[in-house]
file work11.tsv (TSV, C-alpha atoms)
chain	number	residue	atom	x	y	z
E	7	LEU	CA	0.34	-45.73	30.27
E	8	GLY	CA	-1.28	-47.69	33.07
E	9	ASN	CA	-0.44	-47.07	36.69
E	10	SER	CA	2.45	-49.51	36.75
E	11	GLY	CA	3.98	-48.03	33.62
E	12	GLY	CA	3.48	-44.48	34.85
E	13	ASN	CA	5.08	-45.28	38.19
E	14	ARG	CA	8.01	-46.95	36.49
E	15	VAL	CA	8.62	-43.91	34.31
E	16	LYS	CA	8.26	-41.47	37.21
E	17	ASN	CA	10.70	-43.53	39.25
E	18	GLU	CA	13.27	-42.47	36.64
E	19	LEU	CA	12.61	-38.78	37.28
E	20	VAL	CA	15.07	-36.20	35.97
E	21	ILE	CA	14.50	-32.61	37.06
E	22	VAL	CA	15.51	-29.48	35.18
E	23	ILE	CA	16.36	-26.52	37.40
E	24	ASP	CA	15.67	-23.32	35.49
E	25	PHE	CA	18.03	-20.36	35.83
E	26	GLY	CA	16.25	-18.30	33.19
E	27	GLY	CA	17.52	-20.04	30.07
E	28	GLN	CA	15.75	-19.90	26.72
E	29	TYR	CA	15.85	-23.64	26.13
E	30	ASN	CA	14.51	-25.07	29.39
E	31	GLN	CA	11.39	-26.47	27.72
E	32	LEU	CA	13.43	-27.90	24.85
E	33	VAL	CA	15.83	-29.65	27.23
E	34	ALA	CA	12.95	-31.18	29.17
E	35	ARG	CA	11.22	-32.28	25.99
E	36	ARG	CA	14.33	-34.03	24.73
E	37	VAL	CA	14.64	-35.89	28.04
E	38	ARG	CA	11.01	-37.01	27.73
E	39	GLU	CA	11.62	-38.16	24.18
E	40	CYS	CA	14.15	-40.59	25.68
E	41	ASN	CA	11.22	-42.07	27.68
E	42	VAL	CA	12.44	-40.49	30.90
E	43	TYR	CA	10.01	-38.58	33.13
E	44	CYS	CA	11.10	-34.95	33.49
E	45	GLU	CA	9.87	-31.92	35.42
E	46	ILE	CA	11.03	-28.28	35.38
E	47	TYR	CA	11.50	-26.27	38.58
E	48	SER	CA	12.72	-22.77	39.43
E	49	TYR	CA	16.20	-22.40	40.90
E	50	LYS	CA	14.39	-21.31	44.06
E	51	ILE	CA	13.25	-24.88	44.75
E	52	GLY	CA	14.35	-25.97	48.23
E	53	ILE	CA	16.95	-28.65	48.79
E	54	ASP	CA	14.53	-30.62	50.98
E	55	LYS	CA	12.05	-30.81	48.11
E	56	ILE	CA	14.76	-32.20	45.84
E	57	LYS	CA	15.69	-34.78	48.47
E	58	GLU	CA	12.04	-35.77	48.75
E	59	MET	CA	11.72	-36.29	44.98
E	60	ASN	CA	15.01	-38.25	44.90
E	61	PRO	CA	15.55	-37.75	41.15
E	62	LYS	CA	17.88	-39.91	39.09
E	63	GLY	CA	19.53	-36.81	37.73
E	64	ILE	CA	19.46	-33.01	37.73
E	65	ILE	CA	20.05	-30.64	34.81
E	66	LEU	CA	20.95	-26.98	35.40
E	67	THR	CA	19.89	-24.69	32.56
E	68	GLY	CA	21.55	-21.65	31.08
E	69	GLY	CA	20.59	-18.11	31.99
E	70	PRO	CA	21.27	-14.44	31.21
E	71	ASN	CA	23.17	-13.58	34.41
E	72	SER	CA	26.82	-13.69	35.45
E	73	CYS	CA	27.24	-16.18	38.28
E	74	TYR	CA	29.92	-14.10	40.02
E	75	GLU	CA	27.58	-11.11	40.52
E	76	PRO	CA	26.22	-10.86	44.09
E	77	ASP	CA	22.51	-11.08	43.23
E	78	SER	CA	22.74	-13.71	40.48
E	79	PRO	CA	20.71	-16.95	40.73
E	80	THR	CA	22.68	-19.68	42.44
E	81	TYR	CA	22.38	-22.83	44.50
E	82	SER	CA	24.09	-24.14	47.59
E	83	LYS	CA	26.99	-26.57	47.45
E	84	GLU	CA	24.73	-29.11	49.12
E	85	LEU	CA	23.07	-29.75	45.76
E	86	PHE	CA	26.30	-31.35	44.56
E	87	GLU	CA	26.66	-33.46	47.69
E	88	LEU	CA	23.37	-35.36	47.42
E	89	GLY	CA	24.84	-38.28	45.50
E	90	ILE	CA	22.70	-37.35	42.50
E	91	PRO	CA	24.26	-36.72	39.07
E	92	VAL	CA	24.06	-33.07	37.99
E	93	LEU	CA	24.57	-31.76	34.47
E	94	GLY	CA	25.23	-28.06	33.94
E	95	LEU	CA	24.44	-26.28	30.69
E	96	CYS	CA	26.01	-22.88	29.96
E	97	TYR	CA	25.18	-20.73	33.03
E	98	GLY	CA	24.49	-23.93	34.95
E	99	ALA	CA	28.03	-25.11	34.25
E	100	GLN	CA	29.54	-21.76	35.17
E	101	MET	CA	27.53	-21.55	38.39
E	102	MET	CA	28.55	-25.10	39.29
E	103	GLN	CA	32.24	-24.31	38.82
E	104	HIS	CA	31.86	-21.06	40.77
E	105	VAL	CA	30.18	-22.78	43.71
E	106	LEU	CA	32.67	-25.67	43.77
E	107	GLY	CA	35.75	-23.44	43.80
E	108	GLY	CA	36.46	-22.67	40.16
E	109	LYS	CA	36.66	-19.23	38.56
E	110	VAL	CA	34.33	-17.59	36.05
E	111	GLU	CA	35.14	-14.28	34.37
E	112	LYS	CA	33.94	-12.03	31.59
E	113	ALA	CA	35.45	-13.17	28.31
E	114	GLU	CA	37.50	-10.85	26.14
E	115	VAL	CA	35.85	-12.44	23.12
E	116	SER	CA	32.21	-13.54	23.27
E	117	GLU	CA	31.14	-16.69	21.46
E	118	TYR	CA	27.86	-16.80	19.63
E	119	GLY	CA	26.47	-19.26	17.13
E	120	LYS	CA	28.18	-22.09	15.30
E	121	THR	CA	31.48	-22.92	16.98
E	122	GLU	CA	34.10	-25.63	16.46
E	123	VAL	CA	34.84	-27.64	19.60
E	124	LEU	CA	38.13	-29.51	19.99
E	125	ILE	CA	38.08	-32.57	22.25
E	126	ASP	CA	41.10	-32.82	24.55
E	127	LYS	CA	40.27	-35.90	26.61
E	128	LYS	CA	40.33	-38.65	24.02
E	129	ASP	CA	39.43	-41.38	26.53
E	130	SER	CA	36.33	-39.60	27.82
E	131	LYS	CA	33.46	-42.06	27.55
E	132	LEU	CA	31.06	-39.25	26.82
E	133	PHE	CA	32.85	-38.45	23.58
E	134	GLU	CA	32.84	-41.98	22.20
E	135	ASN	CA	31.87	-41.89	18.50
E	136	VAL	CA	32.17	-38.10	18.44
E	137	SER	CA	34.69	-36.49	16.08
E	138	GLU	CA	37.72	-34.86	17.68
E	139	LYS	CA	36.64	-31.68	15.95
E	140	THR	CA	32.91	-31.17	16.20
E	141	ILE	CA	30.33	-28.39	16.06
E	142	CYS	CA	28.03	-26.97	18.71
E	143	TRP	CA	26.27	-23.65	19.26
E	144	MET	CA	27.58	-21.14	21.80
E	145	SER	CA	25.97	-18.07	23.35
E	146	HIS	CA	27.96	-16.55	26.20
E	147	THR	CA	30.04	-13.57	27.29
E	148	ASP	CA	31.45	-15.20	30.44
E	149	TYR	CA	33.77	-18.19	30.55
E	150	ILE	CA	35.27	-20.66	32.99
E	151	SER	CA	38.86	-19.44	33.41
E	152	GLN	CA	39.77	-21.98	36.08
E	153	VAL	CA	38.05	-25.29	36.76
E	154	ALA	CA	37.09	-26.32	40.27
E	155	PRO	CA	39.43	-28.67	42.20
E	156	GLY	CA	39.23	-32.24	40.89
E	157	PHE	CA	37.93	-31.24	37.46
E	158	GLU	CA	39.75	-31.85	34.18
E	159	ILE	CA	39.27	-29.89	30.97
E	160	SER	CA	37.98	-32.26	28.30
E	161	ALA	CA	37.25	-29.87	25.41
E	162	HIS	CA	37.96	-26.31	24.32
E	163	THR	CA	37.33	-23.85	21.51
E	164	ALA	CA	39.53	-21.20	19.91
E	165	ASP	CA	38.30	-18.57	22.39
E	166	CYS	CA	37.10	-20.68	25.31
E	167	PRO	CA	39.69	-22.75	27.20
E	168	VAL	CA	37.00	-24.73	29.06
E	169	ALA	CA	34.22	-25.78	26.71
E	170	THR	CA	33.58	-28.88	28.83
E	171	ALA	CA	35.11	-30.32	31.99
E	172	GLU	CA	34.84	-33.49	34.02
E	173	ASN	CA	35.93	-34.77	37.39
E	174	ALA	CA	38.23	-37.77	37.10
E	175	ASP	CA	38.27	-38.58	40.84
E	176	LYS	CA	37.83	-42.31	41.39
E	177	SER	CA	34.84	-41.77	43.65
E	178	VAL	CA	33.25	-39.12	41.48
E	179	ILE	CA	32.10	-39.32	37.89
E	180	CYS	CA	31.81	-35.95	36.15
E	181	ASP	CA	31.10	-35.96	32.46
E	182	PRO	CA	30.46	-33.01	30.15
E	183	VAL	CA	27.60	-32.40	27.73
E	184	PRO	CA	27.47	-29.92	24.82
E	185	SER	CA	27.74	-26.14	25.04
E	186	ARG	CA	29.92	-25.16	28.01
E	187	SER	CA	28.59	-27.79	30.36
E	188	THR	CA	29.69	-29.97	33.23
E	189	SER	CA	28.21	-32.78	35.25
E	190	TYR	CA	28.90	-33.89	38.81
E	191	SER	CA	28.01	-37.16	40.56
E	192	ARG	CA	28.91	-39.37	43.50
E	193	ARG	CA	27.11	-42.46	42.21
E	194	LYS	CA	28.84	-44.15	39.31
E	195	ASP	CA	25.87	-46.23	38.23
E	196	ASN	CA	23.45	-43.31	38.15
E	197	ALA	CA	26.06	-41.12	36.48
E	198	PHE	CA	26.50	-43.68	33.73
E	199	GLN	CA	22.76	-43.96	33.13
E	200	LEU	CA	22.28	-40.20	33.08
E	201	ARG	CA	25.23	-39.79	30.74
E	202	ILE	CA	23.68	-42.16	28.20
E	203	ARG	CA	20.27	-40.48	28.45
E	204	SER	CA	21.79	-37.02	28.21
E	205	LEU	CA	23.82	-38.01	25.17
E	206	ARG	CA	20.67	-39.16	23.41
E	207	MET	CA	18.94	-35.95	24.40
E	208	CYS	CA	21.77	-33.59	23.44
E	209	ARG	CA	22.50	-35.24	20.13
E	210	ARG	CA	18.87	-34.67	19.18
E	211	LEU	CA	18.79	-31.02	20.17
E	212	GLU	CA	17.82	-28.82	17.24
E	213	ASP	CA	20.48	-26.30	18.34
E	214	GLY	CA	23.80	-27.18	19.90
E	215	CYS	CA	24.22	-30.89	19.26
E	216	PHE	CA	27.50	-32.69	18.73
E	217	ARG	CA	28.01	-34.54	15.47
E	218	ARG	CA	28.63	-38.26	15.38
E	219	LYS	CA	31.53	-39.68	13.45
E	220	HIS	CA	30.62	-40.82	9.97
E	221	ASN	CA	31.92	-44.22	8.91
call {"tool": "encode", "arguments": {"input": "work11.tsv", "output": "structure tokens"}}
result
Amino acid sequence: LGNSGGNRVKNELVIVIDFGGQYNQLVARRVRECNVYCEIYSYKIGIDKIKEMNPKGIILTGGPNSCYEPDSPTYSKELFELGIPVLGLCYGAQMMQHVLGGKVEKAEVSEYGKTEVLIDKKDSKLFENVSEKTICWMSHTDYISQVAPGFEISAHTADCPVATAENADKSVICDPVPSRSTSYSRRKDNAFQLRIRSLRMCRRLEDGCFRRKHN
């Protein structure tokens, strides 16, 4: 790309904040395959640095910790008040709910591998053209037992009451993505754009993608 093309792509920056997940590089690669510039940073990145970069969206990865433990990786609530869409995957979703007032606990039954997901919110735009019963891959021993205020459960599994959740507040768009994930945004236009890009990315993941409906 020339300078103008490179600048245009970088102006659509999405950052991945790594909490120790196994698929951080894969997530970033799938974003890039959607022709969106993407960079990976540690969860220790400062909020001022994020403000300076002014990304179009933020993705929080999974990780091996339990977000309710005192020394577990976390981030301040300010991250979710920047007006930037945030998508949480696995641990990222749990940490988001924990920080925003939800509850995460150790599950009586762990989920691992191929899992059927049942979509509850039929009018969720994220699930357009996705079967009401679909397959994704799970790997977790904790679960979201209570969603944060303003969030609505949009999908569940046999053992996980909150597979995905979204915020239906008029001023906030919060859409889920596969594998125990949640997103949070205060800018409808950016949220919509990130949702489309994330759908393309997640449906192309080698592990954990939703299936489209077949005509």
call {"tool": "atom_distance", "arguments": {"input": "work11.tsv", "atom1": "atom CA of E:Ala154", "atom2": "atom CA of E:Gln103"}}
result
5.4 Å
call {"tool": "closest_residue", "arguments": {"input": "work11.tsv", "among": "E:Asp148, E:His104, E:Ala161, E:Lys112", "to": "E:Lys127", "atoms": "all atoms listed in the file"}}
result
E:Ala161
call {"tool": "closest_residue", "arguments": {"input": "work11.tsv", "among": "E:Leu124, E:Ile141, E:Val105, E:Val115", "to": "E:Pro155", "atoms": "only C-alpha atoms"}}
result
E:Val105
call {"tool": "closest_atom_pairs", "arguments": {"input": "work11.tsv", "of": "stretch 15-86 of chain E", "to": "stretch 90-97 of chain E", "cutoff": "6 Å", "atoms": "only C-alpha atoms", "output": "tab-separated table"}}
result
residue	atom	partner	partner_atom	distance
E:Gly63	CA	E:Pro91	CA	4.9
E:Ile64	CA	E:Val92	CA	4.6
E:Ile65	CA	E:Leu93	CA	4.7
E:Leu66	CA	E:Gly94	CA	4.6
E:Thr67	CA	E:Leu95	CA	5.2
E:Gly68	CA	E:Tyr97	CA	4.2
E:Gly69	CA	E:Tyr97	CA	5.4
call {"tool": "atom_distance", "arguments": {"input": "work11.tsv", "atom1": "atom CA of E:Lys139", "atom2": "atom CA of E:Gln28"}}
result
26.3 Å
call {"tool": "atom_distance", "arguments": {"input": "work11.tsv", "atom1": "atom CA of E:Gly52", "atom2": "atom CA of E:Phe157"}}
result
26.5 Å
call {"tool": "residues_near_point", "arguments": {"input": "work11.tsv", "point": "(15.0, -22.9, 41.1)", "cutoff": "6 Å", "atoms": "only C-alpha atoms", "output": "list in words"}}
result
Ile23, Asp24, Tyr47, Ser48, Tyr49, Lys50 and Ile51 of chain E
call {"tool": "closest_residue", "arguments": {"input": "work11.tsv", "among": "E:Val123, E:Asn30, E:Phe133, E:His146", "to": "E:Ala169", "atoms": "all atoms listed in the file"}}
result
E:Val123
call {"tool": "residues_around", "arguments": {"input": "work11.tsv", "residues": "E:Lys62", "least_positions_apart": "2", "cutoff": "7 Å", "atoms": "all atoms listed in the file", "output": "PyMOL selection string"}}
result
chain E and resi 18-20+60+90+196
call {"tool": "residues_near_point", "arguments": {"input": "work11.tsv", "point": "(39.8, -30.4, 22.4)", "cutoff": "10 Å", "atoms": "all atoms listed in the file", "output": "ChimeraX atom specification"}}
result
/E:122-128,138-140,159-164,167-170
call {"tool": "residues_around", "arguments": {"input": "work11.tsv", "residues": "stretch 80-84 of chain E", "least_positions_apart": "6", "cutoff": "9 Å", "atoms": "only C-alpha atoms", "output": "ChimeraX atom specification"}}
result
/E:25,49-50,53,73,98,101-102,105-106
